[in-house]
Structures are given as C-alpha cells and as structure tokens.
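Taking it in order: structure first as structure tokens, then the write-up.
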Amino acid sequence: MQFATSQFAVLFLVTGTAFWLLRGRRSAQKWLLLASSVLFYAPLGWWRLALLLGSAVVNFGLGEALAAVPRKENGEAGDRARPVFWLAMVLNLAFLGSFKYYGFFSTELNRVAGWAGADPLLPILEIVLPVGISFYTFQSCTYLVDLYRGYGERAQNLRDYVLYITFFPQLLIGPITRSRDLLPQLTGEGPAGVPDVPRSTTLLMSGAFKTVVLSSYLASKLNGCYQAPDEYSTLELLVATYGKSMQVYCDFSGYTDLARGFALLLGFELPRNFNQPHGASNIAEFWRRWHITFAHCMRDYIFLPMGGSRASYPRVYTNLFLTLLVAGLWHGAAWGFVIWGAMHGVGLVLYKMLQDWRRSRGIDPKTLTFSGWYTALAWVYTLHLIVVSRFFFYTPDVETAMSFVSQLLTLSTVGKGMDLLVIPTIALVFAMNFWGNAWREKAIAWQTALPVPARPVLWAGAFALVMVLQPSDINPHVYFAF
C-alpha cells in the first residue's frame with residue numbers, strides 16, 4: 001500500500017483515531033499498530049506477508065537464543081554465542097539471496113559455463129522480489145548483530161519484535177531503524193498526545209509535495225530518456241542527467257518525510273534520513289547526507305568489522321571500496337548496481353587518499369578552510385560523480401547506460417522534445433538542497449504561530465493544492481524495487 005492512496009488515508013485515519021483513544025493502554029495500542037501494519041502490507045500479497053511475518057518470528061527466536069547464551073564479565077558474547085550468531089546471519093543472507101540474487105548469479109554462472117563450453121550449471125528461475133525485503137532483512141540483521149555485540153535493545157516479547165520490524169511508516173523503504181532507536185519507544189508509556197503537531201504536519205506537507213507533485217512530474221517527463229536514450233537529443237539527455245537525480249531525491253526524501261510525519265502523529269520519532277545531499281562538496285560528505293541510516297549501517301556493520309580506518313593505508317582503501325561495492329549489490333543484483341557502487345567506492349578512496357596526503361604534510365583536514373572557488377569546483381566534481389554514476393543505477397541494464405552515455409556525447413540535435421517546465425522544476429529541487437531545511441523550519445514556525453483553529457484550514461488547503469498540482473499518474477516509489 002502506498003501512502004498517497006485513499007486506502008492508506010482511511011487506514012491511517014482509523015488507526016490514528018483509535019490509537020489516541022487508547023492512550024494510557026500501551027499494550028492495546030501496540031496490538032492496534034501491529035494489526036494496521038499487517039493491513040498495510042497485506043495488499044501486496046498473502047505470500048509476501050507470510051514471508052515478512054515468518055522472517056520476523058524466526059529472527060525473534062534467534063535473538064532470544066543469542067540473549068540466552070551466558071556472556072563474559074565485560075558483556076561481550078562468548079564462544080558459545082558465535083555458532084548461534086553465524087547461523088542467524090547465514091539464514092538471513094540465504095533468505096535475502098534466494099529471492100534477490102539467485103537469478104543474477106545463476107545467469108552469470110551459466111554464462112561462464114557457456115564460454116567454457118559446458119552445459120548450464122543452475123536452472124534459471126523467475127523469482128518475484130518481495131517488496132521491502134532488503135529493508136526488513138537488513139533491520140533484522142542489525143538487531144541480531146547489536147544483541148551479539150551486547151549493546152542492542154532486546155524486544156520484550158514476540159509482539160514487540162514483530163511490530164519493530166513491521167511498523168508501517170518505515171516498513172517498505174525505511175528509514176532503517178535500529179533496536180535502540182525504536183524499541184524503547186515501543187516499550188515506554190508514550191506521550192499523552194501528538195508531541196509536535198506543527199513539525200509532523202509540515203513533514204507530511206513537504207513529503208506529499210515532493211513525492212506526489214515534483215517526483216511524479218519529473219518521472220513522467222524523464223523516465224523515457226533512461227529507457228530509450230537513442231530517441232532523445234543530447235540536450236534532452238543532459239537535462240535528464242540532472243533531472244533524474246533530482247526526481248529520485250524528491251521521491252526518496254519525500255517518502256522519508258511522510259514516514260517521519262505519520263510516525264510522529266502516532267508519537268514515534270524516526271531518524272532523519274536526508275540532509276540536503278546534493279549540496280555536498282565531497283563524496284564522503286554526500287554519504288553523511290544521503291540515506292543517512294543506510295550509510296551508518298554500512299559503516300557500522302561492513303566497514304568497521306573489516307578493520308575500518310585502523311589498518312594500513314592499502315587495507316583502509318580496500319575496506320572503503322568493498323563497503324561501497326556491497327552497498328551497490330544491496331540495491332540490486334545487476335551489473336549496473338555493481339558499477340554504481342564501484343564508482344562511489346573509487347570516489348571515496350580518492351578522497352581518503354587526498355586527506356591522508358594532507359595529514360602526511362602536517363595539515364589537519366578538519367581545520368582547513370577553502371576559497372569559494374575551490375568549494376564550488378569541489379561541489380561540481382562531487383555532483384557529477386553522483387549523477388554520472390546514476391546512469392548505471394537507473395537504466396534497465398549496462399547496455400542501455402552505455403547507449404545513454406554515447407548519445408549524450410554525440411551532440412545530437414534530434415529528439416522527441418521535452419516539456420519546458422522540467423527545467424524550472426529541476427532548479428527548484430536544486431534550491432531545496434541548499435535552503436530546504438531553512439524553509440521547513442520557517443514553515444514550522446509559521447504554523448506554530450497560527451491560532452490552533454486555523455491550522456486545519458492550512459492543512460486542507462495545502463493538500464488540496466497538492467491534489468491540483470499532481471500529474472495524472474503518481475509515480476511508484478523508486479526504492480520499492482529494492
């Protein structure tokens with residue numbers, strides 16, 4: 001179920017009303033949220049729902065098994081916990097891999113066998129990817145890893161754990177929440193009312209505008225460029241190069257705004273996931289601003305366990321590159337995602353080399369100040385590393401991506417044409433990357449200053465405007481595919 005549907009509006013209105021009528025009865029509130037989360041996911045298919053709930057039940061059991069193993073005096077897991085932990089990781093990775101990666105690896109393995117003159121080694125199966133499987137499997141893994149390390153929050157019972165995994169505002173696309181972020185909010189008594197109405201409604205208005213209006217409009221005008229680039233002129237593809245990145249930013253950050261807004265209306269705080277990412281002046285800063293919860297997980301569960309920055313220079317650079325390669329594969333089983341991850345990995349390695357070179361000359365990078373020209377050039381470089389890597393991320397395959405690049409470089413003047421409103425829309429989204437936070441804080445302050453009876457009029461007017469401005473079709477969220 002998507003947020004921007006009448007079905008979800010009814011579900012949330014009923015859930016929110018009943019939730020606050022049950023204030024003070026936390027157990028009943030949690031059962032209500034669990035039922036609503038099941039109803040939210042159920043339209044995607046009973047077998048997908050069965051996989052989600054089955055995964056949650058199994059991982060709760062694995063977590064309890066980890067928690068039951070005696071620990072050392074310092075709280076660390078002992079040798080007896082290690083087999084349980086690795087069993088949990090293997091089961092989760094096998095679960096995700098069978099749905100998301102089997103087709104890719106079997107196809108490539110059979111291709112290698114064909115080159116060697118051998119018969120196909122594995123059957124090719126048409127496997128449908130369950131929506132949200134990457135997100136809820138990753139969240140389950142972080143829960144188990146944190147329990148194993150001794151600093152995770154343990155669910156008090158099966159109901160709380162299943163709700164932690166299926167909590168509907170963040171179930172399909174995130175933000176990825178860790179046990180210490182959400183579980184204490186579930187086990188606590190909760191507020192007596194919505195803690196911050198101006199902020200929650202501003203998030204909802206921001207998210208609706210970005211996803212329903214901006215993202216859907218840009219997708220309707222630009223998707224064709226990435227599906228059949230040879231039908232468009234160089235100028236049209238150049239516009240699409242920047243426009244697609246802005247569309248995906250609106251789509252993903254808008255969904256996060258909606259998730260955080262809906263959660264806050266129920267008294268829950270979800271972590272921030274975006275902070276003006278396309279204003280970054282280096283690739284490391286970009287990853288501190290883009291899909292923040294995912295980037296933190298990549299750092300804590302992939303990069304640091306490999307040794308992080310504590311090893312020799314070659315090992316550190318290898319760790320960085322492999323972390324981004326894993327990030328690419330996490331998004332999907334295709335060579336385009338591998339290339340995208342590799343490009344970001346190379347970018348991070350080069351940036352780390354530059355920082356290490358500065359330190360070797362006695363310069364502390366944290367104290368450096370740069371001229372406006374240097375900062376502007378660094379921003380241009382970072383932006384183009386990001387948008388060029390996305391040629392491989394959003395085209396159907398590597399061949400189409402290379403066709404996009406080839407057509408972009410041919411200086412062709414023949415194309416299908418493009419709606420001129422696309423350019424000011426892209427400019428607006430670019431402006432949001434620099435001033436979006438300030439605009440949001442002003443909107444919250446303005447709403448707070450309004451008399452309480454006038455606020456519903458503002459909300460109704462804002463959402464009516466969104467409905468008027470929305471294109472004929474609302475674009476499906478890009479990250480539903482992951």
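How things are named: the first chain in the structure tokens is A, the next is B, and so on; residues count from 1 in each chain; ligands count from 1 in the order shown.
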
Excluding Tyr255 (chain A) and residues on its chain fewer than 2 positions from it, collect all residues at most 8 Å away from it, counting only C-alpha atoms, and give them as a VMD selection string.
chain A and resid 173 207 211 251 to 253 257 to 259

Counting only C-alpha atoms, which residues of region 56-120 of chain A sit at most 9 Å from some atom of region 135-150 of chain A, and what is each one's closest atom pair with its distance in Å to one decimal, listed by chain and rising residue number, as JSON lines?
{"residue": "A:Ala56", "atom": "CA", "partner": "A:Ser140", "partner_atom": "CA", "distance": 7.6}
{"residue": "A:Asn59", "atom": "CA", "partner": "A:Ser140", "partner_atom": "CA", "distance": 6.7}
{"residue": "A:Phe60", "atom": "CA", "partner": "A:Ser140", "partner_atom": "CA", "distance": 8.7}
{"residue": "A:Leu62", "atom": "CA", "partner": "A:Leu144", "partner_atom": "CA", "distance": 7.7}
{"residue": "A:Gly63", "atom": "CA", "partner": "A:Leu144", "partner_atom": "CA", "distance": 5.8}
{"residue": "A:Leu66", "atom": "CA", "partner": "A:Tyr148", "partner_atom": "CA", "distance": 6.5}
{"residue": "A:Ala67", "atom": "CA", "partner": "A:Leu147", "partner_atom": "CA", "distance": 6.9}
{"residue": "A:Arg71", "atom": "CA", "partner": "A:Gly150", "partner_atom": "CA", "distance": 8.7}
{"residue": "A:Gly75", "atom": "CA", "partner": "A:Gly150", "partner_atom": "CA", "distance": 5.9}
{"residue": "A:Glu76", "atom": "CA", "partner": "A:Gly150", "partner_atom": "CA", "distance": 5.8}
{"residue": "A:Ala77", "atom": "CA", "partner": "A:Tyr148", "partner_atom": "CA", "distance": 6.0}
{"residue": "A:Ala81", "atom": "CA", "partner": "A:Tyr148", "partner_atom": "CA", "distance": 7.5}
{"residue": "A:Arg82", "atom": "CA", "partner": "A:Tyr148", "partner_atom": "CA", "distance": 8.3}
{"residue": "A:Phe85", "atom": "CA", "partner": "A:Tyr148", "partner_atom": "CA", "distance": 6.9}
{"residue": "A:Ala88", "atom": "CA", "partner": "A:Leu144", "partner_atom": "CA", "distance": 7.6}
{"residue": "A:Met89", "atom": "CA", "partner": "A:Cys141", "partner_atom": "CA", "distance": 6.9}
{"residue": "A:Asn92", "atom": "CA", "partner": "A:Thr137", "partner_atom": "CA", "distance": 6.7}
{"residue": "A:Leu93", "atom": "CA", "partner": "A:Thr137", "partner_atom": "CA", "distance": 8.2}
{"residue": "A:Phe95", "atom": "CA", "partner": "A:Thr137", "partner_atom": "CA", "distance": 8.4}
{"residue": "A:Leu96", "atom": "CA", "partner": "A:Thr137", "partner_atom": "CA", "distance": 7.0}

CA of Ile283 (chain A) to CA of Tyr249 (chain A): how many Å, to one decimal?
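Result for CA of Ile283 (chain A) versus CA of Tyr249 (chain A): 16.1 Å, one decimal.
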
For CA of Ser179 (chain A) and CA of Ala155 (chain A), quote the distance in Å rounded to one decimal.
8.1 Å

Taking only residues of region 242-360 of chain A that have an atom at most 8 Å from an atom of region 389-393 of chain A, what is each one's shortest atom pair and its distance in Å to one decimal, using only C-alpha atoms, in chain and number order, as a Markdown table?
| residue | atom | partner | partner_atom | distance |
| --- | --- | --- | --- | --- |
| A:Ser245 | CA | A:Arg390 | CA | 7.5 |
| A:Gly336 | CA | A:Phe392 | CA | 4.6 |
| A:Phe337 | CA | A:Phe393 | CA | 5.6 |
| A:Ile339 | CA | A:Phe392 | CA | 6.8 |
| A:Trp340 | CA | A:Ser389 | CA | 5.2 |
| A:Met343 | CA | A:Ser389 | CA | 6.4 |
| A:His344 | CA | A:Ser389 | CA | 7.6 |

Point out the residue among A:Ala208, A:Met432, A:Leu39, A:Val57 with the least atom-to-atom distance to Gln7 (chain A), counting only C-alpha atoms.
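Among the listed residues, the smallest separation from Gln7 (chain A) belongs to A:Leu39.
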
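With only C-alpha atoms as the atoms that count, the minimum distance from Leu237 (chain A) to the choices A:Ala68, A:Leu265, A:Val405, A:Val452 is reached by A:Val405.
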
With a distance cut-off of 10 Å and only C-alpha atoms, select the neighbouring residues of Ala327 (chain A), excluding the residue or stretch itself and same-chain residues fewer than 6 positions from it, and output the selection as an MDAnalysis selection string.
chainID A and resid 294:295 298 302 321 337:338 340:342 344:345

Counting only C-alpha atoms, give me one row per residue of region 247-319 of chain A with an atom at most 10 Å from an atom of region 163-169 of chain A, showing the shortest contact pair and its distance in Å to one decimal, sorted by chain then residue number, as JSON lines.
{"residue": "A:Tyr255", "atom": "CA", "partner": "A:Pro169", "partner_atom": "CA", "distance": 9.3}
{"residue": "A:Thr256", "atom": "CA", "partner": "A:Pro169", "partner_atom": "CA", "distance": 8.8}
{"residue": "A:Leu258", "atom": "CA", "partner": "A:Pro169", "partner_atom": "CA", "distance": 7.8}
{"residue": "A:Ala259", "atom": "CA", "partner": "A:Pro169", "partner_atom": "CA", "distance": 4.6}
{"residue": "A:Arg260", "atom": "CA", "partner": "A:Pro169", "partner_atom": "CA", "distance": 7.2}
{"residue": "A:Gly261", "atom": "CA", "partner": "A:Pro169", "partner_atom": "CA", "distance": 8.7}
{"residue": "A:Phe262", "atom": "CA", "partner": "A:Pro169", "partner_atom": "CA", "distance": 6.4}
{"residue": "A:Ala263", "atom": "CA", "partner": "A:Pro169", "partner_atom": "CA", "distance": 6.1}
{"residue": "A:Leu264", "atom": "CA", "partner": "A:Pro169", "partner_atom": "CA", "distance": 9.8}
{"residue": "A:Leu270", "atom": "CA", "partner": "A:Pro169", "partner_atom": "CA", "distance": 9.1}

Please list as a ChimeraX atom specification every residue within 10 Å of Gly45 (chain A), counting only C-alpha atoms and excluding residues in the same chain fewer than 5 positions away.
/A:50,130-131

Output for the residues just chosen: C-alpha atoms as a compact mmCIF listing (two decimals), in the first residue's frame:
# COMPACT_ATOMS: atom_id res chain seq x y z
CA ALA A 50 3.75 -14.73 5.16
CA PRO A 130 9.02 -9.26 -2.23
CA VAL A 131 8.64 -5.50 -1.72

Of the listed residues A:Pro314, A:Pro271, A:Gly132, A:Pro198, that which approaches Arg180 (chain A) most closely, counting only C-alpha atoms:
A:Pro271

Out of A:Lys416, A:His384, A:Arg80, A:Arg359, which residue has the shortest atom-to-atom distance to Thr241 (chain A) when counting only C-alpha atoms?
A:His384

I want to know what sits within 12 Å of Phe8 (chain A), based on only C-alpha atoms, with residues of the same chain fewer than 2 positions away left out; could you give that as a PyMOL selection string?
chain A and resi 1-6+10-16+36-37+39-41+43+168-169+262

Considering only C-alpha atoms, can you say which of A:Gly190, A:Arg26, A:Leu158, A:Cys250 comes closest to Phe209 (chain A)?
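Counting only C-alpha atoms, the residue closest to Phe209 (chain A) is A:Cys250.
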